[in-house]
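Visitor: Structure: protein23.cif, mmCIF, C-alpha atoms.
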data_final
loop_
_atom_site.label_atom_id
_atom_site.label_comp_id
_atom_site.auth_asym_id
_atom_site.auth_seq_id
_atom_site.Cartn_x
_atom_site.Cartn_y
_atom_site.Cartn_z
CA MET A 134 -46.65 -14.62 96.47
CA SER A 135 -44.61 -16.71 98.90
CA ALA A 136 -44.47 -20.37 99.77
CA PRO A 137 -43.73 -22.09 103.06
CA ILE A 138 -40.11 -23.16 103.29
CA SER A 139 -41.15 -26.78 103.70
CA ARG A 140 -43.04 -26.75 100.40
CA ARG A 141 -40.12 -25.16 98.55
CA PHE A 142 -37.72 -27.71 100.05
CA LEU A 143 -39.94 -30.57 98.89
CA ILE A 144 -40.23 -29.10 95.40
CA GLN A 145 -36.47 -28.56 95.17
CA THR A 146 -35.93 -32.13 96.33
CA SER A 147 -38.34 -33.41 93.66
CA LEU A 148 -36.52 -31.49 90.98
CA SER A 149 -33.13 -32.66 92.23
CA ALA A 150 -34.37 -36.23 91.94
CA ALA A 151 -35.50 -35.56 88.40
CA ILE A 152 -32.08 -34.15 87.53
CA THR A 153 -30.45 -37.22 89.05
CA GLY A 154 -32.69 -39.33 86.84
CA ILE A 155 -31.44 -37.49 83.79
CA SER A 156 -27.87 -37.93 84.95
CA SER A 157 -28.32 -41.68 85.25
CA THR A 158 -28.41 -41.81 81.47
CA ALA A 159 -25.68 -39.20 81.14
CA TYR A 160 -23.52 -37.75 83.92
CA SER A 161 -23.82 -35.36 86.80
CA ALA A 162 -22.66 -31.75 86.98
CA ASN A 163 -18.93 -31.23 87.49
CA GLU A 164 -18.24 -34.94 86.99
CA THR A 165 -16.03 -36.48 84.34
CA VAL A 166 -17.22 -39.53 82.51
CA GLY A 167 -14.37 -41.85 81.68
CA ALA A 168 -15.00 -43.71 78.47
CA SER A 169 -14.00 -47.32 78.39
CA GLY A 170 -10.92 -46.79 76.28
CA GLY A 171 -10.02 -48.04 72.84
CA ALA A 172 -9.26 -46.08 69.70
CA VAL A 173 -10.94 -42.73 69.05
CA GLY A 174 -13.97 -43.52 66.91
CA GLY A 175 -16.23 -41.77 64.45
CA ALA A 176 -13.87 -39.13 63.02
CA ASP A 177 -11.87 -39.20 59.81
CA ALA A 178 -8.51 -40.94 60.10
CA ALA A 179 -6.62 -37.69 59.56
CA LEU A 180 -8.32 -36.19 62.61
CA LYS A 181 -7.73 -39.02 65.08
CA SER A 182 -5.09 -37.14 67.06
CA TYR A 183 -7.94 -35.17 68.62
CA PRO A 184 -9.10 -35.70 71.29
CA ASN A 185 -6.54 -37.59 73.34
CA LYS A 186 -7.53 -36.38 76.82
CA PRO A 187 -10.74 -35.39 78.64
CA ILE A 188 -12.75 -32.39 77.45
CA LYS A 189 -14.33 -29.82 79.79
CA LEU A 190 -17.69 -28.30 78.88
CA ILE A 191 -18.55 -25.12 80.77
CA ILE A 192 -22.29 -24.50 80.92
CA PRO A 193 -22.96 -21.00 82.34
CA LEU A 194 -26.41 -22.18 83.42
CA ALA A 195 -27.85 -24.19 86.30
CA ALA A 196 -27.88 -27.96 86.47
CA GLY A 197 -31.32 -29.10 85.34
CA SER A 198 -31.76 -26.22 82.90
CA ALA A 199 -32.81 -27.11 79.35
CA VAL A 200 -29.31 -26.61 77.91
CA ASP A 201 -27.80 -28.66 80.72
CA SER A 202 -30.29 -31.48 80.13
CA ALA A 203 -29.61 -31.51 76.38
CA ALA A 204 -25.86 -31.49 76.93
CA ARG A 205 -26.02 -34.48 79.25
CA ILE A 206 -28.02 -36.50 76.76
CA VAL A 207 -25.97 -35.70 73.65
CA LEU A 208 -22.47 -35.51 75.09
CA GLN A 209 -22.73 -38.80 76.92
CA LYS A 210 -23.07 -40.40 73.48
CA VAL A 211 -20.27 -38.26 72.05
CA SER A 212 -18.01 -39.27 74.95
CA MET A 213 -18.72 -42.96 74.36
CA ASN A 214 -18.06 -42.67 70.64
CA LEU A 215 -14.84 -40.67 71.03
CA GLY A 216 -13.43 -42.80 73.84
CA VAL A 217 -12.64 -39.84 76.12
CA GLY A 218 -14.38 -38.34 79.14
CA ILE A 219 -16.32 -35.10 78.96
CA ALA A 220 -16.72 -33.14 82.20
CA ILE A 221 -19.63 -30.75 82.66
CA ASP A 222 -18.85 -27.69 84.76
CA ASN A 223 -22.02 -25.74 85.58
CA GLN A 224 -21.19 -22.08 86.26
CA PRO A 225 -24.53 -20.26 86.61
CA GLY A 226 -24.89 -16.59 87.48
CA ALA A 227 -25.22 -13.18 85.81
CA ALA A 228 -27.42 -14.77 83.09
CA GLY A 229 -24.37 -16.66 81.80
CA LEU A 230 -21.98 -13.72 81.51
CA ILE A 231 -19.35 -15.05 83.92
CA GLY A 232 -19.23 -18.65 82.73
CA ALA A 233 -19.03 -17.52 79.11
CA ASP A 234 -16.10 -15.28 80.05
CA HIS A 235 -14.25 -18.32 81.40
CA VAL A 236 -14.74 -20.06 78.05
CA ALA A 237 -13.58 -17.00 76.10
CA LYS A 238 -10.37 -16.81 78.12
CA ALA A 239 -9.61 -20.56 78.06
CA THR A 240 -6.74 -22.02 76.04
CA PRO A 241 -8.09 -22.53 72.49
CA ASP A 242 -6.99 -26.15 72.13
CA GLY A 243 -10.34 -27.92 71.81
CA TYR A 244 -10.35 -29.17 75.40
CA THR A 245 -12.47 -26.37 76.89
CA LEU A 246 -15.85 -25.71 75.29
CA GLY A 247 -18.97 -23.77 76.15
CA GLY A 248 -22.58 -24.93 76.11
CA PHE A 249 -24.59 -21.75 75.58
CA ASN A 250 -28.16 -20.70 74.96
CA ASP A 251 -28.81 -17.94 72.43
CA SER A 252 -29.61 -15.48 75.20
CA ILE A 253 -25.98 -15.59 76.31
CA MET A 254 -24.83 -15.12 72.74
CA THR A 255 -27.33 -12.63 71.30
CA VAL A 256 -29.35 -11.02 74.13
CA LEU A 257 -26.68 -10.11 76.68
CA PRO A 258 -24.60 -8.22 74.08
CA ASN A 259 -27.70 -6.13 73.32
CA LEU A 260 -28.46 -5.42 77.00
CA GLN A 261 -25.07 -4.91 78.64
CA SER A 262 -23.26 -1.64 78.03
CA LYS A 263 -19.93 -3.19 79.00
CA MET A 264 -19.17 -6.75 77.92
CA PRO A 265 -16.04 -8.69 78.97
CA TRP A 266 -16.17 -10.58 75.67
CA ASP A 267 -17.43 -10.24 72.11
CA ILE A 268 -19.46 -13.21 70.87
CA LEU A 269 -18.24 -12.84 67.27
CA ARG A 270 -14.60 -12.04 68.07
CA ASP A 271 -13.85 -14.20 71.10
CA PHE A 272 -15.61 -17.45 70.20
CA ASP A 273 -15.63 -19.96 67.37
CA PRO A 274 -18.98 -21.65 66.61
CA VAL A 275 -18.96 -25.46 66.73
CA SER A 276 -22.57 -26.65 66.38
CA LEU A 277 -26.16 -25.68 67.02
CA VAL A 278 -26.93 -28.96 68.75
CA ALA A 279 -30.63 -28.53 69.50
CA THR A 280 -33.39 -26.00 69.91
CA VAL A 281 -35.20 -25.74 73.21
CA GLU A 282 -38.99 -25.58 72.97
CA TRP A 283 -40.71 -23.52 75.63
CA GLY A 284 -43.82 -23.55 77.76
CA LEU A 285 -45.84 -21.03 79.74
CA VAL A 286 -46.16 -22.38 83.27
CA VAL A 287 -48.21 -21.45 86.34
CA PRO A 288 -48.47 -22.91 89.86
CA TYR A 289 -50.56 -26.07 89.90
CA GLU A 290 -53.15 -24.41 92.15
CA SER A 291 -53.42 -21.26 89.99
CA SER A 292 -56.78 -20.08 88.68
CA ILE A 293 -55.01 -19.23 85.42
CA LYS A 294 -55.79 -22.06 83.00
CA THR A 295 -55.11 -20.45 79.60
CA VAL A 296 -53.10 -17.69 78.00
CA ALA A 297 -56.31 -15.69 77.70
CA ASP A 298 -56.84 -16.09 81.46
CA LEU A 299 -53.35 -14.75 82.18
CA ILE A 300 -53.81 -11.71 79.95
CA ALA A 301 -57.27 -10.95 81.35
CA LYS A 302 -56.08 -11.27 84.97
CA ALA A 303 -53.07 -9.06 84.30
CA LYS A 304 -55.27 -6.36 82.75
CA ARG A 305 -57.73 -6.25 85.65
CA SER A 306 -55.21 -6.65 88.47
CA ALA A 307 -54.44 -3.56 90.55
CA THR A 308 -50.82 -4.68 90.85
CA PRO A 309 -48.72 -6.42 88.17
CA LEU A 310 -48.65 -10.21 88.10
CA SER A 311 -45.16 -11.59 88.75
CA PHE A 312 -42.95 -13.87 86.67
CA SER A 313 -39.69 -15.64 87.40
CA SER A 314 -36.59 -15.87 85.26
CA GLY A 315 -33.05 -17.20 85.38
CA GLY A 316 -31.72 -13.64 85.74
CA ASN A 317 -31.74 -10.27 84.01
CA GLY A 318 -31.34 -10.80 80.27
CA SER A 319 -32.06 -14.53 80.49
CA PRO A 320 -34.38 -16.11 77.89
CA GLN A 321 -37.08 -16.43 80.57
CA HIS A 322 -36.84 -12.67 81.10
CA ILE A 323 -36.82 -11.80 77.40
CA SER A 324 -39.65 -14.16 76.42
CA MET A 325 -42.04 -12.78 79.04
CA GLU A 326 -41.14 -9.19 78.26
CA LEU A 327 -41.85 -9.83 74.58
CA PHE A 328 -45.11 -11.56 75.51
CA ALA A 329 -46.15 -8.69 77.79
CA SER A 330 -45.30 -6.12 75.14
CA GLN A 331 -47.32 -7.94 72.49
CA ALA A 332 -50.24 -8.55 74.90
CA LYS A 333 -50.10 -4.94 76.17
CA ILE A 334 -49.89 -5.94 79.83
CA LYS A 335 -47.50 -5.20 82.69
CA MET A 336 -45.64 -8.01 84.48
CA LEU A 337 -43.31 -7.80 87.49
CA HIS A 338 -39.92 -9.45 86.88
CA VAL A 339 -38.52 -11.61 89.71
CA PRO A 340 -35.01 -12.80 88.74
CA TYR A 341 -33.59 -16.02 90.22
CA LYS A 342 -30.09 -17.51 89.95
CA GLY A 343 -30.98 -19.88 87.11
CA ALA A 344 -33.84 -21.44 85.16
CA THR A 345 -34.10 -24.38 87.55
CA GLN A 346 -34.62 -22.06 90.50
CA ALA A 347 -37.09 -19.99 88.47
CA ALA A 348 -39.14 -23.15 87.82
CA VAL A 349 -39.09 -24.00 91.52
CA GLY A 350 -40.29 -20.47 92.20
CA VAL A 351 -43.38 -21.07 90.08
CA ALA A 352 -44.04 -24.45 91.68
CA GLY A 353 -43.56 -22.94 95.13
CA LEU A 354 -46.22 -20.24 94.58
CA GLU A 355 -43.59 -17.49 94.73
CA VAL A 356 -44.61 -16.02 91.36
CA ASP A 357 -47.66 -16.12 89.11
CA ALA A 358 -46.16 -17.49 85.88
CA ALA A 359 -43.05 -17.97 83.75
CA PHE A 360 -41.87 -18.95 80.31
CA ILE A 361 -39.35 -21.78 80.78
CA GLY A 362 -37.81 -24.47 78.57
CA LEU A 363 -39.92 -27.61 78.60
CA ALA A 364 -36.91 -29.72 79.51
CA THR A 365 -36.63 -27.80 82.78
CA VAL A 366 -40.29 -28.06 83.83
CA THR A 367 -41.48 -31.44 82.51
CA ALA A 368 -40.58 -33.32 85.71
CA LEU A 369 -42.30 -30.73 87.89
CA ALA A 370 -45.40 -30.83 85.70
CA LYS A 371 -45.55 -34.64 85.87
CA ALA A 372 -45.20 -34.42 89.66
CA GLY A 373 -48.19 -32.07 89.89
CA LYS A 374 -46.11 -29.13 91.13
CA LEU A 375 -46.94 -26.77 88.26
CA ARG A 376 -48.98 -26.75 85.05
CA ILE A 377 -47.84 -26.10 81.49
CA ILE A 378 -50.74 -24.12 80.03
CA ALA A 379 -49.26 -23.43 76.58
CA VAL A 380 -46.25 -24.08 74.36
CA THR A 381 -44.52 -21.40 72.31
CA THR A 382 -44.15 -23.41 69.09
CA PRO A 383 -46.06 -22.56 65.86
CA THR A 384 -48.07 -25.79 66.16
CA ARG A 385 -48.69 -28.26 68.98
CA LEU A 386 -45.88 -30.64 69.88
CA PRO A 387 -46.75 -34.34 69.38
CA GLN A 388 -45.23 -35.27 72.75
CA PHE A 389 -47.37 -32.58 74.45
CA ALA A 390 -50.39 -32.92 72.17
CA ASP A 391 -52.95 -31.90 74.80
CA ILE A 392 -51.22 -28.57 75.47
CA PRO A 393 -52.27 -25.71 73.14
CA THR A 394 -49.92 -23.15 71.64
CA VAL A 395 -49.77 -19.61 72.99
CA SER A 396 -50.96 -18.43 69.60
CA GLU A 397 -54.14 -20.53 69.61
CA SER A 398 -55.00 -19.92 73.25
CA GLY A 399 -54.81 -16.18 73.71
CA LEU A 400 -52.02 -14.32 71.87
CA SER A 401 -52.04 -14.87 68.13
CA GLY A 402 -48.67 -15.01 66.41
CA PHE A 403 -46.52 -15.35 69.54
CA GLU A 404 -43.64 -17.83 69.16
CA PHE A 405 -40.40 -18.36 71.06
CA ASN A 406 -37.61 -20.92 71.36
CA SER A 407 -33.95 -20.93 72.30
CA TRP A 408 -30.76 -22.69 71.31
CA PHE A 409 -28.27 -25.11 72.75
CA ALA A 410 -25.09 -24.23 70.90
CA LEU A 411 -21.59 -25.55 71.37
CA MET A 412 -18.96 -22.82 71.23
CA ALA A 413 -15.16 -22.80 71.57
CA PRO A 414 -12.60 -20.10 72.41
CA SER A 415 -11.51 -18.16 69.33
CA GLY A 416 -8.56 -19.80 67.62
CA THR A 417 -9.56 -23.39 68.41
CA PRO A 418 -8.03 -25.72 65.77
CA LYS A 419 -10.33 -26.34 62.84
CA ASN A 420 -9.72 -30.08 63.03
CA ALA A 421 -11.05 -30.14 66.59
CA ILE A 422 -14.18 -28.27 65.54
CA LYS A 423 -14.61 -30.70 62.62
CA VAL A 424 -14.33 -33.75 64.89
CA LEU A 425 -16.85 -32.32 67.34
CA ASP A 426 -19.29 -31.45 64.56
CA LEU A 427 -19.04 -34.96 63.08
CA GLU A 428 -19.52 -36.63 66.45
CA ILE A 429 -22.43 -34.42 67.48
CA ASN A 430 -24.23 -35.23 64.26
CA LYS A 431 -23.49 -38.91 64.75
CA ALA A 432 -24.94 -38.76 68.27
CA LEU A 433 -28.04 -36.93 67.00
CA LYS A 434 -28.79 -39.81 64.66
CA ASP A 435 -28.95 -42.27 67.58
CA LYS A 436 -32.56 -43.28 68.32
CA SER A 437 -32.05 -43.28 72.08
CA VAL A 438 -30.61 -39.76 71.98
CA ILE A 439 -33.43 -38.52 69.75
CA ASP A 440 -36.10 -40.08 71.95
CA GLN A 441 -34.63 -38.56 75.12
CA LEU A 442 -34.36 -35.10 73.58
CA VAL A 443 -37.85 -35.10 72.08
CA ALA A 444 -39.43 -36.36 75.30
CA GLN A 445 -38.13 -33.24 77.05
CA GLY A 446 -39.24 -30.76 74.39
CA LEU A 447 -35.86 -30.52 72.68
CA THR A 448 -35.50 -30.61 68.89
CA PRO A 449 -32.25 -32.13 67.49
CA ARG A 450 -30.54 -29.85 64.95
CA GLY A 451 -26.82 -30.55 64.29
CA ILE A 452 -26.24 -27.32 62.37
CA ASP A 453 -22.57 -26.82 61.50
CA ALA A 454 -20.18 -24.04 62.48
CA VAL A 455 -20.52 -21.99 59.30
CA GLU A 456 -24.31 -21.89 59.37
CA LEU A 457 -24.35 -21.25 63.11
CA GLY A 458 -22.02 -18.28 62.61
CA GLY A 459 -24.48 -16.77 60.13
CA MET A 460 -27.41 -17.43 62.45
CA LEU A 461 -25.57 -15.69 65.29
CA LYS A 462 -25.20 -12.48 63.29
CA THR A 463 -28.86 -12.58 62.23
CA GLN A 464 -30.09 -13.23 65.78
CA LEU A 465 -27.92 -10.44 67.20
CA ALA A 466 -29.52 -7.96 64.82
CA ARG A 467 -33.03 -9.36 65.42
CA TYR A 468 -32.81 -9.06 69.20
CA GLN A 469 -31.35 -5.58 68.96
CA VAL A 470 -34.59 -4.48 67.26
CA LEU A 471 -36.94 -6.52 69.49
CA ILE A 472 -35.30 -5.39 72.73
CA LYS A 473 -35.48 -1.75 71.69
CA GLN A 474 -39.12 -2.04 70.59
CA ALA A 475 -40.16 -3.75 73.83
CA GLY A 476 -38.15 -1.35 76.01
CA ILE A 477 -36.32 -4.21 77.75
CA THR A 478 -33.41 -3.26 80.01
CA SER A 479 -30.93 -5.24 82.09
CA ASP A 480 -32.45 -3.89 85.31
#
Hey, can you dump this file as structure tokens for me?
Guide:
Amino acid sequence: MSAPISRRFLIQTSLSAAITGISSTAYSANETVGASGGAVGGADAALKSYPNKPIKLIIPLAAGSAVDSAARIVLQKVSMNLGVGIAIDNQPGAAGLIGADHVAKATPDGYTLGGFNDSIMTVLPNLQSKMPWDILRDFDPVSLVATVEWGLVVPYESSIKTVADLIAKAKRSATPLSFSSGGNGSPQHISMELFASQAKIKMLHVPYKGATQAAVGVAGLEVDAAFIGLATVTALAKAGKLRIIAVTTPTRLPQFADIPTVSESGLSGFEFNSWFALMAPSGTPKNAIKVLDLEINKALKDKSVIDQLVAQGLTPRGIDAVELGGMLKTQLARYQVLIKQAGITSD
């Protein structure tokens, strides 16, 4: 499927405007927010020496992706509370492999952090035969900030209205239906492969350079469907560029109450979500990790932050470094089994 260039340009412009709208309550990619000064707030007195200069957050994902959106909402509040700027540096590409490598090799002083999804941390290590970093050896967990809830999306004009429609069309089609993703090994890739395996259908993978571009691909009639984080596609859905036909949660989400779950609308038992986790280079001072954990949890108790996250299909978590470390090991083992069972490769 292909779309006229003019349509894709208009869709991309619409999405860029939506991202700008998000940034108006946070900050734009690759821009440092300077807090208004004053003493460092929110942390224990013994920890006040950190931070005393701006922090850089590398997000190995596109601006406008679910993790990027969540980071802008939460870290704007953290920046205000700490009294220092936090700069977001989006480094998309290779499903996050390259940007994560820059975090792993950064000076472990608490001033360079990574904003990762769990695909970067637990899927890529199970798909790539050669990794430039080890998620357990080269990184220190800081916080599982939020979980990203997902939706199954189709072009607005599509005849596919339900999960059952998608499965039925895929089974009778002479050629595989296509789906977009943010790259090989991305959560969009993995979620659809798991869905196709469970539904016993074949789907053609069309990788893009990030989740935002993958969403635009759906809206631009370039592919038939995709699983994408709700935070990435909500603006496009509201603009009538694509339709969210199901969510991947166990039960319906209150903020998307009219949208059924995948499980109730065609594939019983299917669930999927992803993480927004804050990670640091291995060897980062424990006091820095403690300050960040305290401030993230403080931000996640703010009503404005909660409302913004929930409205975009993001669930606040605030899980600490120790628990996140355990979850990482569990998820690595889980995806190793699932990827092998589904026959998913990095190609």
Visitor: Quick one: apply the PyMOL selection byres ((chain A and resi 208) around 10) to the file and drop the selected residues here as a PyMOL selection string.
Guide: chain A and resi 159-160+166+190+203-207+209-214+218-221+428-429+432-433+438
Visitor: One decimal, Å: what's the distance from atom CA of Gly451 of chain A over to atom CA of Ser276 of chain A, could you say?
Guide: 6.1 Å
Visitor: Out of A:Ala227, A:Val278, A:Ala352, A:Ile188, which residue has the shortest atom-to-atom distance to Asp242 of chain A when counting only C-alpha atoms?
Guide: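 Of A:Ala227, A:Val278, A:Ala352, A:Ile188, the one nearest Asp242 of chain A is A:Ile188, counting only C-alpha atoms.
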Visitor: Where does the PyMOL selection byres ((chain A and resi 304-320) around 7) land in this file, that is, which residues does it pick, as a ChimeraX atom specification?
Guide: /A:227-228,252,256-257,260,300-303,321-324,334-344,347,350,356-359,479-480
Visitor: Just give me the gap between atom CA of Ala279 of chain A and atom CA of Arg450 of chain A in Å, one decimal is fine.
Guide: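 Separation between atom CA of Ala279 of chain A and atom CA of Arg450 of chain A: 4.7 Å.
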Visitor: Would you write out, as a count of residues only, every residue that the PyMOL selection byres ((chain A and resi 233) around 12) captures in this file?
Guide: 45
Visitor: In Å, how far is it from atom CA of Glu282 of chain A to atom CA of Ile361 of chain A?
Guide: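 Atom CA of Ile361 of chain A lies at a distance of 8.7 Å from atom CA of Glu282 of chain A.
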Visitor: Between A:Gln346, A:Gln261, A:Ser198, A:Thr280, single out the one closest to Ala410 of chain A, counting all atoms listed in the file.
Guide: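 Among the listed residues, A:Thr280 lies closest to Ala410 of chain A.
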Visitor: Nearest to Leu354 of chain A: which of A:Val395, A:Val200, A:Val286, A:Ala444 is it, counting all atoms listed in the file?
Guide: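 Smallest distance to Leu354 of chain A is found for A:Val286.
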Visitor: Around (-7.8, -20.0, 68.8), as given in the file, which residues come within 8 Å? Count all atoms listed in the file and list them as a PyMOL selection string.
Guide: chain A and resi 240-242+273+414-418
Visitor: Store the residues of this selection in a file with C-alpha atoms, as an mmCIF file, keeping the file's coordinate frame.
Guide:
data_model
loop_
_atom_site.group_PDB
_atom_site.id
_atom_site.type_symbol
_atom_site.label_atom_id
_atom_site.label_comp_id
_atom_site.auth_asym_id
_atom_site.auth_seq_id
_atom_site.Cartn_x
_atom_site.Cartn_y
_atom_site.Cartn_z
ATOM 1 C CA THR A 240 -6.740 -22.020 76.040
ATOM 2 C CA PRO A 241 -8.090 -22.530 72.490
ATOM 3 C CA ASP A 242 -6.990 -26.150 72.130
ATOM 4 C CA ASP A 273 -15.630 -19.960 67.370
ATOM 5 C CA PRO A 414 -12.600 -20.100 72.410
ATOM 6 C CA SER A 415 -11.510 -18.160 69.330
ATOM 7 C CA GLY A 416 -8.560 -19.800 67.620
ATOM 8 C CA THR A 417 -9.560 -23.390 68.410
ATOM 9 C CA PRO A 418 -8.030 -25.720 65.770
#
Visitor: Kindly indicate which residue among A:Ala196, A:Ile477, A:Leu400, A:Leu442 lies nearest to Pro383 of chain A, using all atoms listed in the file for the distances.
Guide: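 So, comparing all the options, the nearest one is A:Leu400.
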Visitor: Find, counting all atoms listed in the file, the residue in A:Gln331, A:Thr384, A:Thr394, A:Ser202 that gets nearest to Val443 of chain A.
Guide: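 Ranking A:Gln331, A:Thr384, A:Thr394, A:Ser202 by distance to Val443 of chain A, first place goes to A:Ser202.
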